[in-house]
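Asks: Let me give you the structure first, and then I'll get to my questions.
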Amino acid sequence: KLRLVLVLTIPAILAVGVHGLLRVQQEHTQLIAEDQRNMGLAARAIEIAVENALRDRQISDVKRLLTEMVEQQEAIDRIRLFDRALQPTLVSNPAELEGGVPEETLRHVMATGKPQAVYRRQDHHSVLYYVVPLRDRRGRVTGTMEIVHLASGIDARVSAAANDVWVRLGLLLIVIVVLSTVALQRHRAQD
């Protein structure tokens, strides 16, 4: 009888657990894609403002704009501008996070002229590096802009989904144990 309970319990818990883990992974993937879309829209607006200020040679305005963007958006850690040689030319503020976007990403954006997002786990944080090309008046790529976005909302939602899976597994285990105990007691009472 105990074997029967185990034969029923173990596959049910494994099925719910695997389903839960797949759900958490799917949630994580969807949240990253959603965050990249939202960051892409914000990056495009910042890109336009920066390009216009750079074309008018208003470097102090660009520096002020970058600083204000970081101060007003708590999810943005830093914004950096790079020249064609991939040297930083302007930095919004000293970064809380060490490091930056990989150099090959900067090169790729310079070569293709298309934005690129890089997602990483860094210092126990989800971080989205969004890199956009910067163009001159003739449309030539003259540099890149890196926006470092702390994706703490992703961490919180994935953690909540994982906790939900553990709660469901616990409830399932409790229900199976209680039902098995009741069924075994009834069976013993009949014997």
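Please note that chains go A, B, ... in the order of the structure tokens, that every chain numbers its residues from 1, and that ligands are numbered from 1 in the order shown.
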Please extract the residues of segment 55-152 of chain A with a backbone DSSP assignment of strand (DSSP E or B) and present them as a ChimeraX atom specification.
Replies: /A:76-82,88-91,116-122,125-135,141-150
Asks: From the set A:His187, A:His149, A:Arg23, A:Arg137, which residue has the shortest atom-to-atom contact distance to Gln122 of chain A, counting only C-alpha atoms?
Replies: A:His149
Asks: Given only C-alpha atoms as the basis, pick out the residue of A:Asp136, A:Asp164, A:Glu146, A:Glu71 nearest to Ala43 of chain A.
Replies: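 Closest candidate: A:Glu146.
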Asks: From the options A:Arg188, A:Arg135, A:His124, A:His28, which residue's atoms come nearest to Ile48 of chain A, counting only C-alpha atoms?
Replies: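 Result for the nearest residue to Ile48 of chain A: A:Arg135.
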Asks: Would you mind writing down, as a PyMOL selection string, each residue of segment 10-191 of chain A that DSSP on the backbone assigns to helix (DSSP H, G or I)?
Replies: chain A and resi 10-55+59-72+103-112+152-190
Asks: Rank A:Ile79, A:Met110, A:Val127, A:Ile32 by their smallest atom-to-atom distance to Thr67 of chain A, using only C-alpha atoms, and report the top residue only.
Replies: A:Ile79
Asks: Just the residues within 12 Å of Thr142 of chain A, please, counting only C-alpha atoms, with nothing from its chain fewer than 5 positions along; format it as a PDB file with all heavy atoms, in the first residue's frame.
Replies:
ATOM      1  N   GLU A  51      21.827  62.701 -30.340  1.00  0.00           N
ATOM      2  CA  GLU A  51      22.312  63.003 -31.694  1.00  0.00           C
ATOM      3  C   GLU A  51      22.076  64.465 -32.052  1.00  0.00           C
ATOM      4  O   GLU A  51      22.973  65.112 -32.604  1.00  0.00           O
ATOM      5  CB  GLU A  51      21.620  62.099 -32.722  1.00  0.00           C
ATOM      6  CG  GLU A  51      22.140  60.686 -32.739  1.00  0.00           C
ATOM      7  CD  GLU A  51      21.398  59.794 -33.720  1.00  0.00           C
ATOM      8  OE1 GLU A  51      20.277  60.142 -34.165  1.00  0.00           O
ATOM      9  OE2 GLU A  51      21.945  58.734 -34.053  1.00  0.00           O
ATOM     10  N   LEU A  54      24.560  66.582 -30.110  1.00  0.00           N
ATOM     11  CA  LEU A  54      25.917  66.412 -30.632  1.00  0.00           C
ATOM     12  C   LEU A  54      26.088  67.116 -31.976  1.00  0.00           C
ATOM     13  O   LEU A  54      27.143  67.703 -32.249  1.00  0.00           O
ATOM     14  CB  LEU A  54      26.260  64.921 -30.775  1.00  0.00           C
ATOM     15  CG  LEU A  54      26.513  64.152 -29.484  1.00  0.00           C
ATOM     16  CD1 LEU A  54      26.685  62.668 -29.775  1.00  0.00           C
ATOM     17  CD2 LEU A  54      27.726  64.703 -28.750  1.00  0.00           C
ATOM     18  N   ARG A  55      25.075  67.073 -32.828  1.00  0.00           N
ATOM     19  CA  ARG A  55      25.159  67.749 -34.132  1.00  0.00           C
ATOM     20  C   ARG A  55      25.305  69.254 -33.968  1.00  0.00           C
ATOM     21  O   ARG A  55      25.954  69.909 -34.779  1.00  0.00           O
ATOM     22  CB  ARG A  55      23.911  67.433 -34.955  1.00  0.00           C
ATOM     23  CG  ARG A  55      23.876  66.018 -35.453  1.00  0.00           C
ATOM     24  CD  ARG A  55      22.578  65.707 -36.157  1.00  0.00           C
ATOM     25  NE  ARG A  55      22.495  64.282 -36.425  1.00  0.00           N
ATOM     26  CZ  ARG A  55      21.378  63.604 -36.514  1.00  0.00           C
ATOM     27  NH1 ARG A  55      20.217  64.212 -36.370  1.00  0.00           N
ATOM     28  NH2 ARG A  55      21.391  62.310 -36.755  1.00  0.00           N
ATOM     29  N   LEU A  81      28.814  57.305 -23.869  1.00  0.00           N
ATOM     30  CA  LEU A  81      28.979  57.507 -25.304  1.00  0.00           C
ATOM     31  C   LEU A  81      30.393  57.082 -25.685  1.00  0.00           C
ATOM     32  O   LEU A  81      31.349  57.369 -24.969  1.00  0.00           O
ATOM     33  CB  LEU A  81      28.774  58.980 -25.674  1.00  0.00           C
ATOM     34  CG  LEU A  81      27.439  59.605 -25.280  1.00  0.00           C
ATOM     35  CD1 LEU A  81      27.369  61.038 -25.801  1.00  0.00           C
ATOM     36  CD2 LEU A  81      26.274  58.793 -25.785  1.00  0.00           C
ATOM     37  N   PHE A  82      30.492  56.409 -26.837  1.00  0.00           N
ATOM     38  CA  PHE A  82      31.789  55.946 -27.347  1.00  0.00           C
ATOM     39  C   PHE A  82      32.023  56.548 -28.722  1.00  0.00           C
ATOM     40  O   PHE A  82      31.085  56.683 -29.521  1.00  0.00           O
ATOM     41  CB  PHE A  82      31.813  54.414 -27.473  1.00  0.00           C
ATOM     42  CG  PHE A  82      31.728  53.695 -26.159  1.00  0.00           C
ATOM     43  CD1 PHE A  82      30.500  53.373 -25.605  1.00  0.00           C
ATOM     44  CD2 PHE A  82      32.876  53.336 -25.480  1.00  0.00           C
ATOM     45  CE1 PHE A  82      30.400  52.702 -24.408  1.00  0.00           C
ATOM     46  CE2 PHE A  82      32.803  52.659 -24.273  1.00  0.00           C
ATOM     47  CZ  PHE A  82      31.559  52.349 -23.731  1.00  0.00           C
ATOM     48  N   ASP A  83      33.286  56.866 -29.019  1.00  0.00           N
ATOM     49  CA  ASP A  83      33.631  57.360 -30.353  1.00  0.00           C
ATOM     50  C   ASP A  83      33.906  56.172 -31.274  1.00  0.00           C
ATOM     51  O   ASP A  83      33.746  55.010 -30.880  1.00  0.00           O
ATOM     52  CB  ASP A  83      34.820  58.320 -30.286  1.00  0.00           C
ATOM     53  CG  ASP A  83      36.099  57.673 -29.738  1.00  0.00           C
ATOM     54  OD1 ASP A  83      36.171  56.424 -29.646  1.00  0.00           O
ATOM     55  OD2 ASP A  83      37.022  58.421 -29.399  1.00  0.00           O
ATOM     56  N   ARG A  84      34.351  56.465 -32.507  1.00  0.00           N
ATOM     57  CA  ARG A  84      34.595  55.385 -33.474  1.00  0.00           C
ATOM     58  C   ARG A  84      35.689  54.433 -33.024  1.00  0.00           C
ATOM     59  O   ARG A  84      35.704  53.270 -33.391  1.00  0.00           O
ATOM     60  CB  ARG A  84      34.953  55.978 -34.845  1.00  0.00           C
ATOM     61  CG  ARG A  84      33.741  56.586 -35.526  1.00  0.00           C
ATOM     62  CD  ARG A  84      33.909  56.754 -37.013  1.00  0.00           C
ATOM     63  NE  ARG A  84      34.121  55.521 -37.758  1.00  0.00           N
ATOM     64  CZ  ARG A  84      33.184  54.634 -38.092  1.00  0.00           C
ATOM     65  NH1 ARG A  84      31.954  54.804 -37.685  1.00  0.00           N
ATOM     66  NH2 ARG A  84      33.471  53.587 -38.809  1.00  0.00           N
ATOM     67  N   ALA A  85      36.617  54.923 -32.200  1.00  0.00           N
ATOM     68  CA  ALA A  85      37.699  54.077 -31.692  1.00  0.00           C
ATOM     69  C   ALA A  85      37.268  53.296 -30.447  1.00  0.00           C
ATOM     70  O   ALA A  85      38.093  52.645 -29.808  1.00  0.00           O
ATOM     71  CB  ALA A  85      38.921  54.929 -31.378  1.00  0.00           C
ATOM     72  N   LEU A  86      35.990  53.375 -30.116  1.00  0.00           N
ATOM     73  CA  LEU A  86      35.388  52.695 -28.971  1.00  0.00           C
ATOM     74  C   LEU A  86      35.938  53.190 -27.629  1.00  0.00           C
ATOM     75  O   LEU A  86      35.954  52.461 -26.633  1.00  0.00           O
ATOM     76  CB  LEU A  86      35.547  51.179 -29.086  1.00  0.00           C
ATOM     77  CG  LEU A  86      34.984  50.561 -30.355  1.00  0.00           C
ATOM     78  CD1 LEU A  86      35.193  49.053 -30.356  1.00  0.00           C
ATOM     79  CD2 LEU A  86      33.518  50.888 -30.521  1.00  0.00           C
ATOM     80  N   GLN A  87      36.369  54.440 -27.617  1.00  0.00           N
ATOM     81  CA  GLN A  87      36.816  55.082 -26.382  1.00  0.00           C
ATOM     82  C   GLN A  87      35.642  55.859 -25.793  1.00  0.00           C
ATOM     83  O   GLN A  87      34.955  56.575 -26.518  1.00  0.00           O
ATOM     84  CB  GLN A  87      37.994  56.024 -26.643  1.00  0.00           C
ATOM     85  CG  GLN A  87      39.240  55.326 -27.146  1.00  0.00           C
ATOM     86  CD  GLN A  87      39.722  54.283 -26.156  1.00  0.00           C
ATOM     87  OE1 GLN A  87      39.849  54.541 -24.973  1.00  0.00           O
ATOM     88  NE2 GLN A  87      39.975  53.080 -26.664  1.00  0.00           N
ATOM     89  N   THR A  89      33.612  58.771 -24.481  1.00  0.00           N
ATOM     90  CA  THR A  89      33.764  60.222 -24.610  1.00  0.00           C
ATOM     91  C   THR A  89      32.963  60.968 -23.557  1.00  0.00           C
ATOM     92  O   THR A  89      33.395  62.011 -23.078  1.00  0.00           O
ATOM     93  CB  THR A  89      33.325  60.692 -26.008  1.00  0.00           C
ATOM     94  OG1 THR A  89      31.980  60.264 -26.250  1.00  0.00           O
ATOM     95  CG2 THR A  89      34.243  60.126 -27.079  1.00  0.00           C
ATOM     96  N   LEU A 106      29.925  46.548 -29.075  1.00  0.00           N
ATOM     97  CA  LEU A 106      30.133  47.912 -29.571  1.00  0.00           C
ATOM     98  C   LEU A 106      30.576  47.884 -31.035  1.00  0.00           C
ATOM     99  O   LEU A 106      30.078  48.648 -31.858  1.00  0.00           O
ATOM    100  CB  LEU A 106      31.172  48.646 -28.721  1.00  0.00           C
ATOM    101  CG  LEU A 106      30.800  48.909 -27.257  1.00  0.00           C
ATOM    102  CD1 LEU A 106      31.989  49.474 -26.502  1.00  0.00           C
ATOM    103  CD2 LEU A 106      29.605  49.837 -27.166  1.00  0.00           C
ATOM    104  N   ARG A 107      31.502  46.993 -31.351  1.00  0.00           N
ATOM    105  CA  ARG A 107      31.987  46.879 -32.739  1.00  0.00           C
ATOM    106  C   ARG A 107      30.846  46.482 -33.686  1.00  0.00           C
ATOM    107  O   ARG A 107      30.739  47.002 -34.786  1.00  0.00           O
ATOM    108  CB  ARG A 107      33.112  45.856 -32.835  1.00  0.00           C
ATOM    109  CG  ARG A 107      34.399  46.290 -32.225  1.00  0.00           C
ATOM    110  CD  ARG A 107      35.507  45.267 -32.527  1.00  0.00           C
ATOM    111  NE  ARG A 107      36.632  45.415 -31.632  1.00  0.00           N
ATOM    112  CZ  ARG A 107      37.470  46.428 -31.634  1.00  0.00           C
ATOM    113  NH1 ARG A 107      37.304  47.399 -32.483  1.00  0.00           N
ATOM    114  NH2 ARG A 107      38.470  46.481 -30.786  1.00  0.00           N
ATOM    115  N   VAL A 109      27.591  46.985 -33.347  1.00  0.00           N
ATOM    116  CA  VAL A 109      26.663  48.107 -33.533  1.00  0.00           C
ATOM    117  C   VAL A 109      27.281  49.152 -34.460  1.00  0.00           C
ATOM    118  O   VAL A 109      26.598  49.711 -35.322  1.00  0.00           O
ATOM    119  CB  VAL A 109      26.263  48.719 -32.168  1.00  0.00           C
ATOM    120  CG1 VAL A 109      25.487  50.014 -32.350  1.00  0.00           C
ATOM    121  CG2 VAL A 109      25.438  47.715 -31.364  1.00  0.00           C
ATOM    122  N   MET A 110      28.581  49.409 -34.301  1.00  0.00           N
ATOM    123  CA  MET A 110      29.272  50.357 -35.191  1.00  0.00           C
ATOM    124  C   MET A 110      29.238  49.858 -36.634  1.00  0.00           C
ATOM    125  O   MET A 110      29.001  50.639 -37.554  1.00  0.00           O
ATOM    126  CB  MET A 110      30.733  50.535 -34.755  1.00  0.00           C
ATOM    127  CG  MET A 110      30.893  51.374 -33.523  1.00  0.00           C
ATOM    128  SD  MET A 110      30.592  53.085 -33.862  1.00  0.00           S
ATOM    129  CE  MET A 110      32.237  53.635 -34.131  1.00  0.00           C
ATOM    130  N   ALA A 111      29.459  48.583 -36.829  1.00  0.00           N
ATOM    131  CA  ALA A 111      29.533  48.018 -38.183  1.00  0.00           C
ATOM    132  C   ALA A 111      28.164  47.937 -38.850  1.00  0.00           C
ATOM    133  O   ALA A 111      28.029  48.240 -40.037  1.00  0.00           O
ATOM    134  CB  ALA A 111      30.179  46.637 -38.139  1.00  0.00           C
ATOM    135  N   GLY A 113      25.181  49.408 -37.645  1.00  0.00           N
ATOM    136  CA  GLY A 113      24.308  50.570 -37.455  1.00  0.00           C
ATOM    137  C   GLY A 113      22.970  50.202 -36.846  1.00  0.00           C
ATOM    138  O   GLY A 113      22.016  50.977 -36.899  1.00  0.00           O
ATOM    139  N   VAL A 132      23.110  51.540 -28.864  1.00  0.00           N
ATOM    140  CA  VAL A 132      22.543  52.102 -30.085  1.00  0.00           C
ATOM    141  C   VAL A 132      23.622  52.878 -30.830  1.00  0.00           C
ATOM    142  O   VAL A 132      24.547  53.413 -30.218  1.00  0.00           O
ATOM    143  CB  VAL A 132      21.335  53.037 -29.789  1.00  0.00           C
ATOM    144  CG1 VAL A 132      20.194  52.262 -29.177  1.00  0.00           C
ATOM    145  CG2 VAL A 132      21.742  54.190 -28.902  1.00  0.00           C
ATOM    146  N   PRO A 133      23.514  52.938 -32.149  1.00  0.00           N
ATOM    147  CA  PRO A 133      24.481  53.728 -32.917  1.00  0.00           C
ATOM    148  C   PRO A 133      24.138  55.216 -32.814  1.00  0.00           C
ATOM    149  O   PRO A 133      22.990  55.594 -32.643  1.00  0.00           O
ATOM    150  CB  PRO A 133      24.277  53.228 -34.347  1.00  0.00           C
ATOM    151  CG  PRO A 133      22.853  52.781 -34.375  1.00  0.00           C
ATOM    152  CD  PRO A 133      22.549  52.259 -33.007  1.00  0.00           C
ATOM    153  N   LEU A 134      25.160  56.047 -32.912  1.00  0.00           N
ATOM    154  CA  LEU A 134      24.975  57.495 -32.987  1.00  0.00           C
ATOM    155  C   LEU A 134      25.416  57.938 -34.371  1.00  0.00           C
ATOM    156  O   LEU A 134      26.486  57.555 -34.846  1.00  0.00           O
ATOM    157  CB  LEU A 134      25.788  58.202 -31.896  1.00  0.00           C
ATOM    158  CG  LEU A 134      25.365  57.893 -30.458  1.00  0.00           C
ATOM    159  CD1 LEU A 134      26.324  58.528 -29.471  1.00  0.00           C
ATOM    160  CD2 LEU A 134      23.936  58.346 -30.209  1.00  0.00           C
ATOM    161  N   ARG A 135      24.600  58.768 -35.027  1.00  0.00           N
ATOM    162  CA  ARG A 135      24.861  59.167 -36.411  1.00  0.00           C
ATOM    163  C   ARG A 135      25.075  60.671 -36.518  1.00  0.00           C
ATOM    164  O   ARG A 135      24.529  61.441 -35.746  1.00  0.00           O
ATOM    165  CB  ARG A 135      23.677  58.770 -37.287  1.00  0.00           C
ATOM    166  CG  ARG A 135      23.363  57.285 -37.299  1.00  0.00           C
ATOM    167  CD  ARG A 135      22.214  56.975 -38.236  1.00  0.00           C
ATOM    168  NE  ARG A 135      21.642  55.665 -38.244  1.00  0.00           N
ATOM    169  CZ  ARG A 135      22.241  54.497 -38.271  1.00  0.00           C
ATOM    170  NH1 ARG A 135      23.509  54.420 -38.259  1.00  0.00           N
ATOM    171  NH2 ARG A 135      21.585  53.365 -38.309  1.00  0.00           N
ATOM    172  N   ASP A 136      25.830  61.050 -37.548  1.00  0.00           N
ATOM    173  CA  ASP A 136      26.011  62.484 -37.825  1.00  0.00           C
ATOM    174  C   ASP A 136      24.885  62.957 -38.751  1.00  0.00           C
ATOM    175  O   ASP A 136      23.952  62.212 -39.051  1.00  0.00           O
ATOM    176  CB  ASP A 136      27.398  62.755 -38.424  1.00  0.00           C
ATOM    177  CG  ASP A 136      27.623  62.051 -39.764  1.00  0.00           C
ATOM    178  OD1 ASP A 136      26.646  61.522 -40.359  1.00  0.00           O
ATOM    179  OD2 ASP A 136      28.773  62.029 -40.226  1.00  0.00           O
ATOM    180  N   ARG A 137      24.988  64.186 -39.234  1.00  0.00           N
ATOM    181  CA  ARG A 137      23.928  64.764 -40.088  1.00  0.00           C
ATOM    182  C   ARG A 137      23.715  63.969 -41.376  1.00  0.00           C
ATOM    183  O   ARG A 137      22.622  63.940 -41.921  1.00  0.00           O
ATOM    184  CB  ARG A 137      24.278  66.207 -40.450  1.00  0.00           C
ATOM    185  CG  ARG A 137      24.191  67.151 -39.292  1.00  0.00           C
ATOM    186  CD  ARG A 137      24.406  68.591 -39.772  1.00  0.00           C
ATOM    187  NE  ARG A 137      24.560  69.494 -38.667  1.00  0.00           N
ATOM    188  CZ  ARG A 137      23.560  69.995 -37.952  1.00  0.00           C
ATOM    189  NH1 ARG A 137      22.334  69.652 -38.237  1.00  0.00           N
ATOM    190  NH2 ARG A 137      23.795  70.819 -36.965  1.00  0.00           N
TER     191      ARG A 137
END
Asks: Residues near Gly100 of chain A, anyone? I mean within 10 Å using only C-alpha atoms, not counting same-chain ones fewer than 5 positions away, as a ChimeraX atom specification.
Replies: /A:78,80,95,129,146-148
Asks: Next, write the just-selected residues to a file, as a compact mmCIF listing (two decimals), in the first residue's frame, keeping C-alpha atoms as the atom set.
Replies:
# COMPACT_ATOMS: atom_id res chain seq x y z
CA ARG A 78 24.73 54.60 -16.45
CA ARG A 80 28.11 56.16 -21.88
CA ALA A 95 28.72 53.40 -12.37
CA TYR A 129 23.06 46.58 -21.74
CA GLU A 146 25.53 52.28 -24.07
CA ILE A 147 22.61 52.36 -21.65
CA VAL A 148 22.99 50.14 -18.60
Asks: What is the atom CA of Ala117 of chain A to atom CA of Val131 of chain A distance in Å?
Replies: 6.3 Å
